[in-house]
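Worksheet: the structure to be examined is printed underneath.
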Amino acid sequence: QVQLVESGGGLVQAGGSLRLSCAASRTIFSIDAMGWYRQTPGKQRESVAGISSSGMTNYADSVKGRFTISRDNAKNTIYLQMNSLKPEDTAVYYCHSRVGYTHSWGQGTQVTVSS
């Protein structure tokens, strides 16, 4: 399994920005896919953005144009730049990785957007 450590969450006003980071315990060049999910109480965890080992990205419709996922192979870290944040973006954000059939999750970081 891959150990993943998120950072960068916090409290921000609507319209503001945050950048989440996820540091992996191994070289991310060899990880098939990584991404960000989020979850609010009583709801299922949902995919926010993903990035493959080749650099292809995908986004949930709700964040397209506002969020950007990126990777720094030298630092074994992926990022989620979140702009124009809305109160409905409030959630615990989790970093995810997949190597073959093995999935790993970070501990989560809270993002709270006030109106």
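All residue names refer to the structure tokens as shown: chains lettered A, B, ... in order, residues numbered from 1 in each chain, ligands numbered from 1 in order.
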
DSSP-assigned strand (DSSP E) among region 11-77 of chain A, expressed as a ChimeraX atom specification: /A:11-13,18-24,33-39,46-52,57-59,67-72,77

Which residues come within 10 Å of Val99 (chain A), counting only C-alpha atoms, excluding same-chain residues fewer than 4 positions away, as a PyMOL selection string? chain A and resi 1-2+28+30-34+103-104

Requested write-out: N, CA, C and O atoms of the selected residues, as a PDB file, in the first residue's frame:
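Writing the result to part03.pdb gives the following:
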ATOM      1  N   GLN A   1       0.827  -1.205   0.000  1.00  0.00           N
ATOM      2  CA  GLN A   1       0.000   0.000   0.000  1.00  0.00           C
ATOM      3  C   GLN A   1       0.861   1.256   0.000  1.00  0.00           C
ATOM      4  O   GLN A   1       2.029   1.224   0.353  1.00  0.00           O
ATOM      5  N   VAL A   2       0.238   2.348  -0.417  1.00  0.00           N
ATOM      6  CA  VAL A   2       0.909   3.639  -0.450  1.00  0.00           C
ATOM      7  C   VAL A   2       0.396   4.471   0.715  1.00  0.00           C
ATOM      8  O   VAL A   2      -0.807   4.561   0.932  1.00  0.00           O
ATOM      9  N   ILE A  28       5.534   8.582  -7.251  1.00  0.00           N
ATOM     10  CA  ILE A  28       4.204   8.581  -7.859  1.00  0.00           C
ATOM     11  C   ILE A  28       4.265   8.268  -9.343  1.00  0.00           C
ATOM     12  O   ILE A  28       3.236   8.014  -9.966  1.00  0.00           O
ATOM     13  N   SER A  30       5.233   5.659 -10.522  1.00  0.00           N
ATOM     14  CA  SER A  30       4.847   4.257 -10.674  1.00  0.00           C
ATOM     15  C   SER A  30       3.416   3.973 -10.218  1.00  0.00           C
ATOM     16  O   SER A  30       2.978   2.827 -10.252  1.00  0.00           O
ATOM     17  N   ILE A  31       2.700   5.001  -9.816  1.00  0.00           N
ATOM     18  CA  ILE A  31       1.317   4.833  -9.359  1.00  0.00           C
ATOM     19  C   ILE A  31       0.387   5.023 -10.558  1.00  0.00           C
ATOM     20  O   ILE A  31       0.500   6.004 -11.289  1.00  0.00           O
ATOM     21  N   ASP A  32      -0.531   4.082 -10.743  1.00  0.00           N
ATOM     22  CA  ASP A  32      -1.384   4.100 -11.935  1.00  0.00           C
ATOM     23  C   ASP A  32      -2.263   5.352 -11.995  1.00  0.00           C
ATOM     24  O   ASP A  32      -2.423   5.960 -13.058  1.00  0.00           O
ATOM     25  N   ALA A  33      -2.852   5.691 -10.879  1.00  0.00           N
ATOM     26  CA  ALA A  33      -3.740   6.849 -10.854  1.00  0.00           C
ATOM     27  C   ALA A  33      -3.805   7.410  -9.445  1.00  0.00           C
ATOM     28  O   ALA A  33      -3.723   6.658  -8.466  1.00  0.00           O
ATOM     29  N   MET A  34      -3.967   8.702  -9.369  1.00  0.00           N
ATOM     30  CA  MET A  34      -4.169   9.378  -8.081  1.00  0.00           C
ATOM     31  C   MET A  34      -5.292  10.379  -8.249  1.00  0.00           C
ATOM     32  O   MET A  34      -5.640  10.781  -9.368  1.00  0.00           O
ATOM     33  N   HIS A 103      -5.928  -0.082  -3.580  1.00  0.00           N
ATOM     34  CA  HIS A 103      -6.337   1.299  -3.353  1.00  0.00           C
ATOM     35  C   HIS A 103      -5.826   1.762  -1.994  1.00  0.00           C
ATOM     36  O   HIS A 103      -5.857   1.012  -1.013  1.00  0.00           O
ATOM     37  N   SER A 104      -5.400   3.007  -1.936  1.00  0.00           N
ATOM     38  CA  SER A 104      -4.943   3.605  -0.685  1.00  0.00           C
ATOM     39  C   SER A 104      -5.617   4.953  -0.497  1.00  0.00           C
ATOM     40  O   SER A 104      -5.918   5.645  -1.482  1.00  0.00           O
TER      41      SER A 104
END

Excluding Arg26 (chain A) and residues on its chain fewer than 6 positions from it, collect all residues at most 12 Å away from it, counting only C-alpha atoms, and give them as a count of residues only. 12

Could you list, as a ChimeraX atom specification, every residue within 7 Å of Ala91 (chain A), counting only C-alpha atoms and ignoring same-chain residues fewer than 3 positions away? /A:38-40,110-112

So which residues touch Tyr94 (chain A) within 7 Å, counting only C-alpha atoms, skipping near sequence neighbours fewer than 2 positions away, as a list in words? Trp36, Tyr37, Arg38, Val92, His96, Trp105, Gly106, Gln107, Gly108 and Thr109 of chain A

DSSP on the backbone: which residues in chain A end up as helix (DSSP H, G or I)? Give the answer as a PyMOL selection string. chain A and resi 28-30+73-75+87-89
